[in-house]
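Participant: The file below is protein-v3.cif, mmCIF, C-alpha atoms:
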```cif
data_start
#
loop_
_atom_site.label_atom_id
_atom_site.label_comp_id
_atom_site.auth_asym_id
_atom_site.auth_seq_id
_atom_site.Cartn_x
_atom_site.Cartn_y
_atom_site.Cartn_z
CA MET S 11 -203.77 -129.48 240.39
CA GLU S 12 -205.41 -126.10 240.08
CA LYS S 13 -204.93 -123.24 242.50
CA ALA S 14 -207.30 -120.30 242.48
CA THR S 15 -207.31 -117.30 244.78
CA LEU S 16 -209.61 -114.32 245.12
CA GLN S 17 -208.43 -111.40 247.20
CA ILE S 18 -209.91 -108.06 248.12
CA LEU S 19 -207.62 -105.22 247.06
CA ASN S 20 -207.52 -102.76 249.97
CA GLU S 21 -205.33 -100.42 248.01
CA PRO S 22 -206.22 -100.80 244.33
CA SER S 23 -203.99 -98.98 241.88
CA LYS S 24 -205.21 -95.61 240.60
CA GLU S 25 -204.96 -97.07 237.12
CA LEU S 26 -207.45 -99.82 238.00
CA GLU S 27 -209.84 -97.35 239.63
CA GLU S 28 -209.75 -95.09 236.59
CA PHE S 29 -210.04 -97.89 234.09
CA SER S 30 -212.94 -99.65 235.75
CA SER S 31 -214.95 -96.46 236.06
CA VAL S 32 -214.50 -94.73 232.73
CA SER S 33 -213.33 -97.29 230.21
CA ASN S 34 -214.79 -100.32 228.57
CA GLY S 35 -213.33 -103.69 227.59
CA ILE S 36 -210.04 -104.87 229.05
CA LYS S 37 -206.61 -103.40 229.76
CA ILE S 38 -203.47 -105.50 229.54
CA VAL S 39 -201.15 -104.48 232.36
CA PRO S 40 -197.39 -105.08 232.71
CA GLU S 41 -196.00 -106.26 236.06
CA PHE S 42 -192.62 -106.78 237.69
CA TYR S 43 -191.54 -110.40 237.40
CA ASN S 44 -188.73 -112.19 239.22
CA GLY S 45 -186.46 -109.18 239.70
CA THR S 46 -187.01 -107.46 236.35
CA GLN S 47 -185.81 -103.83 236.29
CA GLU S 48 -189.05 -102.66 234.71
CA LYS S 49 -192.62 -103.88 234.36
CA VAL S 50 -192.90 -106.53 231.67
CA LEU S 51 -195.58 -108.54 229.89
CA GLN S 52 -195.73 -112.31 229.69
CA ARG S 53 -194.73 -113.71 226.29
CA ASP S 54 -198.25 -114.85 225.36
CA SER S 55 -199.72 -111.38 225.96
CA GLY S 56 -199.46 -110.26 222.34
CA THR S 57 -200.86 -113.54 220.99
CA PHE S 58 -203.77 -113.28 223.43
CA ALA S 59 -204.48 -109.61 222.66
CA LYS S 60 -204.41 -110.25 218.90
CA TRP S 61 -206.65 -113.28 219.27
CA ILE S 62 -209.29 -111.19 221.10
CA HIS S 63 -208.88 -108.34 218.61
CA LYS S 64 -209.50 -110.71 215.70
CA ASN S 65 -212.20 -112.97 217.16
CA HIS S 66 -214.04 -110.47 219.37
CA PRO S 67 -213.66 -107.06 217.71
CA GLU S 68 -216.56 -105.78 219.86
CA ILE S 69 -214.26 -105.91 222.93
CA ASN S 70 -212.07 -102.87 223.39
CA ILE S 71 -208.43 -103.71 224.29
CA ASP S 72 -206.09 -101.21 225.87
CA TYR S 73 -202.69 -102.72 225.07
CA ASN S 74 -199.18 -101.47 224.32
CA PRO S 75 -197.32 -103.97 222.08
CA ASP S 76 -193.96 -102.24 222.62
CA ILE S 77 -193.62 -103.24 226.28
CA LYS S 78 -190.78 -105.67 226.96
CA LYS S 79 -191.77 -109.35 227.10
CA ILE S 80 -190.55 -112.15 229.32
CA SER S 81 -190.47 -115.67 227.84
CA LEU S 82 -190.31 -118.49 230.36
CA HIS S 83 -189.81 -121.33 227.87
CA ASN S 84 -191.95 -123.75 229.77
CA ASN S 85 -194.91 -125.44 228.22
CA GLU S 86 -197.56 -123.41 230.02
CA TYR S 87 -199.66 -120.48 228.96
CA TRP S 88 -198.78 -117.32 230.87
CA LEU S 89 -201.41 -114.68 230.25
CA PRO S 90 -200.96 -111.08 231.38
CA LEU S 91 -202.58 -109.29 234.29
CA VAL S 92 -205.79 -107.76 232.97
CA TYR S 93 -208.09 -105.03 234.31
CA LEU S 94 -211.75 -105.57 233.55
CA ALA S 95 -213.95 -102.56 232.88
CA SER S 96 -217.52 -102.43 234.17
CA ASP S 97 -218.96 -103.70 230.88
CA THR S 98 -216.82 -106.87 230.92
CA SER S 99 -218.00 -109.43 233.44
CA VAL S 100 -215.81 -112.07 235.05
CA GLN S 101 -217.76 -114.75 233.20
CA ILE S 102 -217.18 -113.05 229.83
CA TYR S 103 -213.45 -112.82 230.50
CA LEU S 104 -213.15 -116.43 231.67
CA GLY S 105 -215.01 -117.47 228.53
CA LEU S 106 -212.46 -115.56 226.43
CA VAL S 107 -209.55 -117.27 228.18
CA ILE S 108 -211.09 -120.75 227.76
CA ASN S 109 -211.88 -120.20 224.07
CA PHE S 110 -208.39 -118.81 223.42
CA LEU S 111 -206.78 -121.85 225.04
CA TYR S 112 -209.09 -124.25 223.23
CA ASP S 113 -208.00 -122.67 219.94
CA LYS S 114 -204.30 -122.79 220.77
CA LEU S 115 -204.32 -126.35 222.10
CA LYS S 116 -205.75 -128.03 219.03
CA GLY S 117 -202.43 -129.68 218.29
CA SER S 118 -201.98 -131.28 221.73
CA LEU S 119 -201.00 -134.92 221.95
CA LYS S 120 -203.23 -137.39 223.78
CA GLY S 121 -202.95 -136.95 227.54
CA GLU S 122 -201.10 -133.63 227.36
CA ALA S 123 -202.72 -131.52 230.06
CA ALA S 124 -202.15 -127.86 229.33
CA LYS S 125 -201.52 -125.54 232.22
CA VAL S 126 -202.42 -121.86 232.31
CA ASN S 127 -201.54 -119.00 234.65
CA PHE S 128 -203.36 -115.65 234.73
CA SER S 129 -204.76 -112.90 236.94
CA PHE S 130 -207.35 -110.20 236.53
CA GLU S 131 -208.56 -107.31 238.67
CA TYR S 132 -212.05 -105.83 238.66
CA LYS S 133 -214.55 -103.82 240.65
CA GLU S 134 -217.53 -105.57 242.20
CA GLY S 135 -219.95 -103.45 244.17
CA GLU S 136 -217.78 -101.08 246.16
CA SER S 137 -214.74 -103.34 246.39
CA TYR S 138 -211.87 -104.13 244.07
CA LYS S 139 -210.81 -107.76 243.70
CA ARG S 140 -208.00 -109.77 242.16
CA PHE S 141 -208.55 -113.29 240.87
CA SER S 142 -205.52 -115.49 240.12
CA TYR S 143 -205.51 -118.93 238.61
CA SER S 144 -202.79 -121.50 238.04
CA GLY S 145 -203.81 -124.93 236.84
CA ASP S 146 -205.15 -127.00 234.00
CA VAL S 147 -207.66 -125.86 231.44
CA GLU S 148 -210.25 -128.49 232.46
CA GLY S 149 -210.29 -127.15 236.02
CA LEU S 150 -210.75 -123.63 234.68
CA LYS S 151 -214.00 -124.60 232.97
CA ASN S 152 -215.60 -125.15 236.41
CA PHE S 153 -215.19 -121.46 237.18
CA ASN S 154 -217.05 -120.45 234.09
CA LYS S 155 -220.12 -122.40 235.17
CA ILE S 156 -220.48 -121.06 238.68
CA ASP S 157 -220.05 -117.87 240.61
CA ILE S 158 -216.38 -117.42 241.60
CA ASN S 159 -217.15 -115.99 245.04
CA LYS S 160 -219.37 -118.93 245.95
CA PHE S 161 -216.80 -121.43 244.70
CA LEU S 162 -213.99 -119.94 246.75
CA GLU S 163 -216.12 -119.76 249.91
CA LYS S 164 -216.34 -123.57 249.95
CA MET F 17 -207.26 -135.24 206.70
CA PHE F 18 -206.55 -132.58 204.05
CA LYS F 19 -208.74 -129.61 203.25
CA THR F 20 -208.31 -129.84 199.48
CA GLU F 21 -209.25 -132.57 197.02
CA GLU F 22 -205.96 -132.16 195.11
CA ILE F 23 -203.78 -132.99 198.09
CA ASN F 24 -206.12 -135.75 199.28
CA ASN F 25 -205.67 -137.43 195.90
CA PHE F 26 -201.90 -136.89 196.00
CA TYR F 27 -201.72 -138.52 199.45
CA LYS F 28 -203.69 -141.55 198.27
CA LYS F 29 -201.18 -142.06 195.43
CA ASN F 30 -198.10 -141.38 197.55
CA ASN F 31 -199.00 -143.22 200.74
CA TYR F 32 -196.66 -144.76 203.32
CA ASN F 33 -197.76 -148.42 203.09
CA LEU F 34 -194.47 -149.69 201.66
CA PHE F 35 -192.57 -147.57 204.18
CA TYR F 36 -194.43 -149.23 207.07
CA LYS F 37 -193.70 -152.70 205.67
CA LEU F 38 -189.98 -151.91 205.39
CA LEU F 39 -189.96 -150.37 208.87
CA HIS F 40 -191.55 -153.55 210.20
CA GLU F 41 -188.71 -155.51 208.56
CA LYS F 42 -186.18 -153.03 210.05
CA GLN F 43 -184.88 -152.19 206.60
CA PHE F 44 -184.00 -148.66 207.61
CA GLN F 45 -182.01 -147.70 204.51
CA LYS F 46 -184.72 -148.83 202.11
CA SER F 47 -187.33 -147.05 204.23
CA LYS F 48 -185.37 -143.82 203.82
CA GLU F 49 -185.29 -144.30 200.06
CA ILE F 50 -189.11 -144.50 200.04
CA LEU F 51 -189.25 -141.24 201.96
CA ASN F 52 -186.82 -139.64 199.51
CA SER F 53 -189.05 -140.61 196.58
CA ILE F 54 -192.13 -139.15 198.33
CA GLU F 55 -190.17 -135.96 199.03
CA ILE F 56 -189.31 -135.59 195.33
CA GLU F 57 -193.01 -135.84 194.46
CA ILE F 58 -194.00 -133.30 197.14
CA ASN F 59 -191.40 -130.83 195.89
CA LYS F 60 -193.01 -130.91 192.45
CA LEU F 61 -196.28 -129.54 193.87
CA THR F 62 -196.98 -125.86 193.24
CA SER F 63 -200.03 -123.65 193.64
CA ALA F 64 -201.10 -120.08 194.26
CA ASP F 65 -204.08 -121.22 196.35
CA GLU F 66 -203.62 -120.69 200.09
CA LEU F 67 -205.58 -123.81 201.09
CA ILE F 68 -203.49 -126.01 198.81
CA LEU F 69 -200.24 -124.43 200.04
CA ASN F 70 -201.31 -125.06 203.64
CA ASP F 71 -202.08 -128.68 202.74
CA ILE F 72 -198.61 -128.98 201.17
CA PHE F 73 -197.19 -127.75 204.49
CA LEU F 74 -199.14 -130.56 206.16
CA LEU F 75 -197.78 -133.09 203.64
CA LYS F 76 -194.25 -131.96 204.48
CA GLN F 77 -194.92 -132.29 208.21
CA ILE F 78 -196.10 -135.87 207.66
CA LEU F 79 -192.95 -136.60 205.65
CA LEU F 80 -190.71 -135.03 208.31
CA PHE F 81 -192.53 -137.03 210.99
CA HIS F 82 -191.69 -140.27 209.17
CA ASN F 83 -188.08 -139.14 208.71
CA SER F 84 -187.74 -138.63 212.47
CA LEU F 85 -189.60 -141.87 213.17
CA ILE F 86 -187.08 -143.88 211.17
CA SER F 87 -184.17 -142.07 212.85
CA LEU F 88 -185.66 -142.81 216.26
CA TRP F 89 -186.03 -146.55 215.62
CA GLU F 90 -182.65 -146.75 213.91
CA ASP F 91 -180.99 -145.08 216.92
CA ILE F 92 -182.72 -147.46 219.35
CA PHE F 93 -181.62 -150.38 217.16
CA GLN F 94 -178.02 -149.08 217.21
CA GLU F 95 -178.07 -148.40 220.98
CA LYS F 96 -177.84 -144.61 220.49
CA TYR F 97 -180.40 -143.87 223.18
CA SER F 98 -179.27 -140.38 224.01
CA SER F 99 -179.64 -139.04 220.48
CA SER F 100 -182.85 -141.03 219.94
CA TRP F 101 -184.51 -138.74 222.51
CA ASN F 102 -184.12 -135.76 220.16
CA HIS F 103 -185.72 -137.67 217.29
CA LEU F 104 -188.59 -138.66 219.57
CA GLN F 105 -189.21 -135.02 220.50
CA THR F 106 -189.06 -134.01 216.83
CA CYS F 107 -191.70 -136.70 216.11
CA PHE F 108 -193.93 -135.09 218.75
CA ASP F 109 -193.38 -131.60 217.32
CA ARG F 110 -194.43 -132.83 213.88
CA LEU F 111 -197.44 -134.67 215.30
CA ARG F 112 -198.63 -131.51 217.07
CA ASN F 113 -198.52 -129.64 213.77
CA ILE F 114 -200.28 -132.51 212.00
CA ASN F 115 -203.01 -132.55 214.69
CA LYS F 116 -203.41 -128.80 214.48
CA PHE F 117 -203.62 -128.40 210.71
CA SER F 118 -205.52 -131.55 209.71
CA LEU F 119 -209.16 -131.17 208.73
CA ASN F 120 -211.22 -131.24 211.96
CA ASN F 121 -207.93 -132.00 213.79
CA LYS F 122 -208.20 -135.64 212.74
CA LYS F 123 -205.27 -137.52 211.28
CA THR F 124 -204.95 -141.01 209.76
CA LYS F 125 -205.25 -144.15 211.90
CA GLU F 126 -201.58 -144.91 211.17
CA LEU F 127 -200.49 -141.59 212.65
CA ASP F 128 -202.84 -142.11 215.61
CA PHE F 129 -201.14 -145.47 216.16
CA PHE F 130 -197.67 -143.92 216.20
CA GLU F 131 -198.74 -141.09 218.51
CA LYS F 132 -199.89 -143.68 221.05
CA GLN F 133 -196.78 -145.84 220.53
CA LEU F 134 -194.33 -142.95 220.88
CA LEU F 135 -195.98 -141.72 224.07
CA ILE F 136 -195.33 -145.22 225.47
CA ILE F 137 -191.71 -145.13 224.33
CA GLU F 138 -191.25 -141.70 225.95
CA LYS F 139 -191.95 -143.33 229.34
CA LEU F 140 -188.90 -145.58 228.89
CA TYR F 141 -186.56 -142.57 228.99
CA PRO F 142 -185.13 -141.37 232.30
CA TYR F 143 -185.89 -137.69 231.79
CA ASN F 144 -188.41 -135.91 234.00
CA ILE F 145 -186.63 -132.67 234.91
CA PHE F 146 -185.62 -130.20 232.20
CA MET F 147 -183.71 -126.94 231.87
CA SER F 148 -185.65 -123.81 231.04
CA MET F 149 -184.60 -120.17 230.55
CA GLY F 150 -186.45 -116.95 231.29
CA ILE F 151 -185.52 -114.32 228.70
CA GLU F 152 -186.42 -110.62 228.50
CA THR F 153 -186.91 -109.41 224.93
CA SER F 154 -187.96 -106.01 223.64
CA LEU F 155 -189.07 -107.04 220.14
CA PHE F 156 -190.33 -110.16 218.40
CA GLU F 157 -190.30 -109.65 214.65
CA CYS F 158 -192.84 -111.50 212.48
CA SER F 159 -191.15 -114.17 210.35
CA ILE F 160 -193.50 -113.32 207.47
CA CYS F 161 -193.99 -109.53 207.32
CA GLY F 162 -191.13 -108.29 209.55
CA LYS F 163 -193.41 -106.14 211.75
CA ASN F 164 -193.72 -106.42 215.53
CA ILE F 165 -195.63 -109.72 215.76
CA ASP F 166 -197.26 -108.62 219.03
CA SER F 167 -198.82 -105.54 217.43
CA PHE F 168 -202.21 -105.27 215.73
CA GLU F 169 -200.37 -103.89 212.66
CA CYS F 170 -199.01 -107.36 211.97
CA GLU F 171 -201.80 -109.55 210.60
CA HIS F 172 -200.10 -112.83 211.44
CA GLU F 173 -200.63 -114.99 214.51
CA ILE F 174 -197.82 -117.05 216.00
CA GLY F 175 -198.12 -120.71 215.03
CA GLU F 176 -200.71 -120.17 212.26
CA LEU F 177 -200.29 -120.89 208.55
CA TYR F 178 -200.21 -118.29 205.77
CA TYR F 179 -199.81 -119.56 202.21
CA GLY F 180 -198.02 -122.65 203.46
CA GLU F 181 -195.71 -120.80 205.84
CA MET F 182 -195.96 -120.85 209.62
CA ALA F 183 -195.66 -117.50 211.39
CA PHE F 184 -193.33 -117.21 214.34
CA GLY F 185 -191.68 -114.41 216.29
CA ILE F 186 -187.96 -113.80 215.92
CA ALA F 187 -186.44 -112.42 219.14
CA LYS F 188 -184.60 -109.33 217.90
CA ASN F 189 -183.32 -107.74 221.06
CA ILE F 190 -182.71 -110.02 224.03
CA THR F 191 -181.95 -107.60 226.85
CA ASN F 192 -181.48 -109.96 229.76
CA ILE F 193 -181.43 -113.61 230.77
CA ASN F 194 -183.71 -113.45 233.79
CA HIS F 195 -183.13 -116.97 235.12
CA ILE F 196 -182.35 -120.57 234.32
CA SER F 197 -184.57 -123.04 236.11
CA MET F 198 -185.38 -126.73 236.37
CA VAL F 199 -188.94 -127.51 235.31
CA LYS F 200 -191.11 -130.56 234.76
CA ASN F 201 -193.01 -129.19 231.80
CA PRO F 202 -190.63 -127.31 229.45
CA MET F 203 -191.31 -125.85 226.05
CA ASP F 204 -188.48 -127.96 224.64
CA LYS F 205 -187.76 -131.33 226.26
CA ARG F 206 -184.43 -131.61 224.46
CA CYS F 207 -182.73 -129.54 227.18
CA VAL F 208 -181.79 -132.45 229.46
CA VAL F 209 -178.79 -133.73 231.37
CA GLN F 210 -177.23 -136.26 229.00
CA TYR F 211 -176.46 -139.84 230.04
CA SER F 212 -174.09 -142.18 228.21
CA ASP F 213 -175.83 -144.81 226.11
CA ASP F 214 -174.66 -147.68 228.33
CA SER F 215 -175.95 -146.01 231.49
CA HIS F 216 -178.41 -147.96 233.67
CA HIS F 217 -180.76 -144.98 233.26
CA PHE F 218 -181.57 -146.36 229.80
CA LYS F 219 -182.48 -149.84 231.01
CA GLY F 220 -186.00 -149.58 229.53
CA LEU F 221 -184.56 -148.76 226.11
CA GLN F 222 -181.84 -151.39 226.44
CA PHE F 223 -184.64 -153.91 226.99
CA LEU F 224 -186.47 -152.54 223.94
CA ASN F 225 -183.26 -152.87 221.89
CA LYS F 226 -182.86 -156.54 222.86
CA GLN F 227 -186.47 -157.25 221.96
CA LEU F 228 -185.96 -155.50 218.63
CA ILE F 229 -182.76 -157.37 217.76
CA SER F 230 -184.22 -160.75 218.73
CA ASN F 231 -187.37 -160.05 216.69
CA GLN F 232 -189.62 -160.24 219.73
CA LEU F 233 -191.10 -156.99 218.51
CA THR F 234 -190.80 -154.56 215.60
CA PRO F 235 -191.49 -150.83 215.20
CA ILE F 236 -194.95 -151.81 214.00
CA THR F 237 -195.91 -154.55 216.46
CA LEU F 238 -195.18 -152.58 219.64
CA TYR F 239 -198.85 -151.97 220.15
CA ASP F 240 -199.65 -150.94 223.72
CA ALA F 241 -198.43 -150.93 227.32
CA ASN F 242 -199.64 -151.63 230.83
CA GLU F 243 -198.29 -149.43 233.56
CA THR F 244 -198.41 -151.02 236.99
CA PRO F 245 -196.03 -150.08 239.80
CA ARG F 246 -194.57 -153.15 241.52
CA LYS F 247 -192.62 -153.92 244.66
CA THR F 248 -188.92 -154.53 244.26
CA LEU F 249 -186.16 -155.43 246.73
CA ASN F 250 -184.50 -152.33 248.21
CA ASN F 251 -180.75 -152.84 247.67
CA LYS F 252 -179.87 -150.26 250.33
CA TYR F 253 -181.94 -152.02 253.01
CA LYS F 254 -180.04 -153.28 256.07
CA LYS F 255 -181.70 -155.35 258.76
CA LEU F 256 -180.83 -153.65 262.07
CA LYS F 257 -181.97 -153.90 265.68
CA ARG F 258 -185.07 -151.79 266.28
CA ASN F 259 -183.35 -149.16 268.43
CA GLU F 260 -180.21 -148.80 266.27
CA LYS F 261 -179.71 -145.69 264.18
CA CYS F 262 -181.20 -146.13 260.71
CA PHE F 263 -178.90 -147.00 257.80
CA CYS F 264 -180.27 -144.17 255.68
CA GLY F 265 -178.47 -141.51 257.69
CA SER F 266 -181.58 -139.73 258.97
CA GLY F 267 -180.36 -139.99 262.58
CA LYS F 268 -183.67 -141.58 263.62
CA LYS F 269 -184.09 -144.99 265.19
CA PHE F 270 -184.49 -147.82 262.69
CA LYS F 271 -187.96 -148.68 264.05
CA LYS F 272 -189.13 -145.09 263.43
CA CYS F 273 -187.56 -144.78 259.99
CA CYS F 274 -186.94 -147.39 257.25
CA ILE F 275 -187.98 -150.59 259.06
CA ASN F 276 -190.78 -151.18 256.54
CA LYS F 277 -188.73 -150.30 253.44
CA GLU F 278 -187.32 -153.74 252.62
CA TYR F 279 -189.35 -153.54 249.41
CA ILE F 280 -189.93 -150.29 247.52
CA ASP F 281 -192.27 -149.28 244.68
CA GLU F 282 -190.75 -149.33 241.23
CA ASN F 283 -192.25 -148.07 237.98
CA HIS F 284 -193.08 -151.05 235.82
CA ILE F 285 -194.17 -150.88 232.21
CA GLU F 286 -195.30 -154.03 230.43
CA LEU F 287 -195.01 -153.68 226.65
CA ILE F 288 -197.81 -155.31 224.68
CA VAL F 289 -196.87 -156.74 221.30
CA ASN F 290 -199.42 -157.56 218.63
CA HIS F 291 -197.78 -159.75 215.96
CA GLY F 292 -200.89 -159.74 213.80
CA PHE F 293 -201.01 -155.94 213.57
CA LYS F 294 -200.33 -154.45 210.14
CA LEU F 295 -200.41 -150.93 208.80
CA TRP F 296 -200.15 -151.84 205.11
#
```
Could you quickly redo this structure as structure tokens?

Facilitator:
Amino acid sequence: MEKATLQILNEPSKELEEFSSVSNGIKIVPEFYNGTQEKVLQRDSGTFAKWIHKNHPEINIDYNPDIKKISLHNNEYWLPLVYLASDTSVQIYLGLVINFLYDKLKGSLKGEAAKVNFSFEYKEGESYKRFSYSGDVEGLKNFNKIDINKFLEK
Amino acid sequence: MFKTEEINNFYKKNNYNLFYKLLHEKQFQKSKEILNSIEIEINKLTSADELILNDIFLLKQILLFHNSLISLWEDIFQEKYSSSWNHLQTCFDRLRNINKFSLNNKKTKELDFFEKQLLIIEKLYPYNIFMSMGIETSLFECSICGKNIDSFECEHEIGELYYGEMAFGIAKNITNINHISMVKNPMDKRCVVQYSDDSHHFKGLQFLNKQLISNQLTPITLYDANETPRKTLNNKYKKLKRNEKCFCGSGKKFKKCCINKEYIDENHIELIVNHGFKLW
């Protein structure tokens, strides 16, 4: 069962404001997770960043590989929080996530439904928004076909 | 299935037909000898070509799959249900690699058959909650080049093949165990609470064992399954007066609690055997 949320960020981080105005591409952002002493990245962050770097070299990635990682050892994909710059649309980013998962799930057994968890923040018009998704890959494909705002209004 | 002509030809010469026949006859020891002879032939293969080396990796995965398959069926035959679970999971790990690295992600019909069969067998086990750990690590070293596998400096991707070797990250500095949790969908299903082999939790496998011993089915003729929940008598049910307190301990009146629970839903799997089915 997929769960998607879109929230308006009343107090966006300075980092997001700066990144979305002056930079291009995407920025991979560490977060606190379940009581960690410092901000960490999800285990699949490096794999995801390298996959984009290799398959979409036209997309600029702001990413620090030396940040501590947290591995959850469950059979789900946990992608990092990402800031989108103005030249990277929501649809482009969702397409990246879907293609990445498609590539990584080629070995799946019949009936194995892969689950993915990720969030991204971006500027739309004058407001900053955060989209979060937790669910199966099939459900995610629906978001790539239609406008996220319209879908979540239903 | 393979990307190179050389390994395709090798596979045609060193196929598993005799192995399947012996498995069908439950001649486990002789089946292992067949696998040993295939292994000797695989170990003679050498090349400097990356595609061929990757195909040799695939050959070895297929061999290891059959090794685990025989161990799984042998354990079920010998009523070692608890350890058979690990062999089943190893079969799945090998099948995932075979799916991933086969040409166009398509494997042989024999391996497709076993994937379907083993997914049915998995449903006979009692495990549906697993242990999982959250670990904080500052560095994952590449198993091939030794660099930080999460950096762009390292050219290798986790889980991909390079000259017949799969790249993975070695956790070099685990700084904290963040949590241990119970999950439904773990990375490794081997982390389970163990039951003894004579436990009623293994009743599905105990049934399979009886069918195997009495020749009602074989590792080859277990062909399919129908899953239909059915009603079964609730052993805890007690017929009470409507206004009495319910037997389940909820504190509610019987009429507002378990009055309709004389029969409860039970998972029911009907195994379908095809005696005419052959893989050789």

Participant: Report as CSV: every residue of chain S with an atom at most 6 Å from chain F, its closest pair of atoms, and their distance in Å to one decimal, counting all atoms listed in the file, with rows sorted by chain and ascending residue number.

Facilitator:
```
residue,atom,partner,partner_atom,distance
S:Gly56,CA,F:Asp166,CA,4.3
S:Pro75,CA,F:Ser167,CA,5.1
S:Lys78,CA,F:Ser154,CA,4.4
S:Lys79,CA,F:Thr153,CA,5.3
S:Ile80,CA,F:Glu152,CA,4.5
S:Ser81,CA,F:Ile151,CA,5.2
S:Leu82,CA,F:Gly150,CA,4.3
S:His83,CA,F:Met203,CA,5.1
S:Asn84,CA,F:Pro202,CA,3.8
S:Asn85,CA,F:Met203,CA,4.2
S:Lys116,CA,F:Lys116,CA,5.2
S:Gly117,CA,F:Lys116,CA,4.0
S:Ser118,CA,F:Arg112,CA,5.7
```

Participant: Using the selection just defined, write its residues with C-alpha atoms as a compact mmCIF listing (two decimals), in the frame of the given file.

Facilitator:
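Saved as part_36.txt:
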```txt
# COMPACT_ATOMS: atom_id res chain seq x y z
CA GLY S 56 -199.46 -110.26 222.34
CA PRO S 75 -197.32 -103.97 222.08
CA LYS S 78 -190.78 -105.67 226.96
CA LYS S 79 -191.77 -109.35 227.10
CA ILE S 80 -190.55 -112.15 229.32
CA SER S 81 -190.47 -115.67 227.84
CA LEU S 82 -190.31 -118.49 230.36
CA HIS S 83 -189.81 -121.33 227.87
CA ASN S 84 -191.95 -123.75 229.77
CA ASN S 85 -194.91 -125.44 228.22
CA LYS S 116 -205.75 -128.03 219.03
CA GLY S 117 -202.43 -129.68 218.29
CA SER S 118 -201.98 -131.28 221.73
```

Participant: Set the distance at 7 Å and use all atoms listed in the file: which residues neighbour range 65-78 of chain F once local chain neighbours fewer than 5 positions away are removed? I'd like the list as a PyMOL selection string.

Facilitator: chain F and resi 18-20+23+110+114+117+177+179-180

Participant: Would you write out, as a list in words, every residue that the PyMOL selection byres ((chain S and resi 137) around 12) captures in this file?

Facilitator: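 With the shown file as input, the PyMOL selection byres ((chain S and resi 137) around 12) matches Gln17, Ile18, Leu19, Asn20, Glu21, Pro22, Leu26, Glu27, Ser30, Glu131, Tyr132, Lys133, Glu134, Gly135, Glu136, Tyr138, Lys139 and Arg140 of chain S.
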
Participant: Near Tyr43 in chain S, counting all atoms listed in the file, which residues have an atom at most 10 Å away, once you skip same-chain residues fewer than 5 positions from it, shown as a PDB file with C-alpha atoms, keeping the file's coordinate frame?

Facilitator:
```
ATOM      1  CA  GLU S  48    -189.050-102.660 234.710  1.00  0.00           C
ATOM      2  CA  LYS S  49    -192.620-103.880 234.360  1.00  0.00           C
ATOM      3  CA  VAL S  50    -192.900-106.530 231.670  1.00  0.00           C
ATOM      4  CA  LEU S  51    -195.580-108.540 229.890  1.00  0.00           C
ATOM      5  CA  GLN S  52    -195.730-112.310 229.690  1.00  0.00           C
ATOM      6  CA  ILE S  80    -190.550-112.150 229.320  1.00  0.00           C
TER       7      ILE S  80
ATOM      8  CA  ASN F 194    -183.710-113.450 233.790  1.00  0.00           C
TER       9      ASN F 194
END
```

Participant: Using the chain letters and numbers from this file, what does the PyMOL selection byres ((chain F and resi 37) around 10) select? Give the answer as number ranges by chain.

Facilitator: F: 32-36, 38-43, 47, 235-236, 294-296

Participant: Ranking S:Ser55, S:Trp88, S:Ser23, S:Leu16 by minimum distance to Tyr73 in chain S and counting all atoms listed in the file, which one comes first?

Facilitator: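 Checking each candidate against Tyr73 in chain S, we get S:Ser55 as the closest.
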
Participant: Take CA of Lys277 in chain F and CA of Leu256 in chain F and report the distance between them in Å, one decimal.

Facilitator: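 Atom-to-atom, CA of Lys277 in chain F to CA of Leu256 in chain F, that is 12.2 Å.
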
Participant: What is the distance, in Å and to one decimal place, between CA of Tyr143 in chain S and CA of Tyr103 in chain S?

Facilitator: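 Separation between CA of Tyr143 in chain S and CA of Tyr103 in chain S: 12.9 Å.
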
Participant: What lies within 10 Å of Asp214 in chain F using only C-alpha atoms, ignoring chain neighbours under 6 positions off, as a count of residues only?

Facilitator: 5

Participant: Just how far from CA of Ile160 in chain F is CA of Ile186 in chain F, in Å to one decimal?

Facilitator: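 Spanning CA of Ile186 in chain F to CA of Ile160 in chain F is a straight-line distance of 10.1 Å.
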
Participant: Enumerate, as an MDAnalysis selection string, the residues matched when the PyMOL selection byres ((chain S and resi 89) around 12) is run on the file above.

Facilitator: chainID S and resid 38:41 50:59 79:82 86:88 90:92 104 106:108 110:111 125:130 142:144

Participant: Extending 3 Å beyond the listed atoms of range 131-142 of chain S on each side, what axis-aligned box results? I want centre and edge lengths in Å to one decimal, as AutoDock Vina command-line options.

Facilitator:
```
--center_x -212.7 --center_y -108.3 --center_z 242.5 --size_x 20.4 --size_y 20.4 --size_z 13.7
```

Participant: Of the candidates F:Ile54, F:Leu238, F:Tyr279, F:Lys272, which shows the shortest atom-to-atom distance to Lys252 in chain F, using only C-alpha atoms?

Facilitator: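 Answer, going by the shortest atom-to-atom distance: F:Tyr279.
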
Participant: If we count only C-alpha atoms, what is near range 70-72 of chain S at a cut-off of 6 Å, once residues fewer than 6 positions away on the same chain are taken out, given as a VMD selection string?

Facilitator: chain S and resid 35 to 37

Participant: Deliver the residues from the most recent selection as a file, using C-alpha atoms, as a JSON list (two decimals), in the frame of the given file.

Facilitator:
```
[["chain", "number", "residue", "atom", "x", "y", "z"],
["S", 35, "GLY", "CA", -213.33, -103.69, 227.59],
["S", 36, "ILE", "CA", -210.04, -104.87, 229.05],
["S", 37, "LYS", "CA", -206.61, -103.40, 229.76]]
```

Participant: Using only C-alpha atoms - which residues lie no farther than 6 Å from the point (-213.4, -118.3, 233.2) in the file's frame? Write them as a list in words.

Facilitator: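 Residues lying no farther than 6 Å from the given point: Gln101, Leu104, Gly105, Phe153 and Asn154 of chain S.
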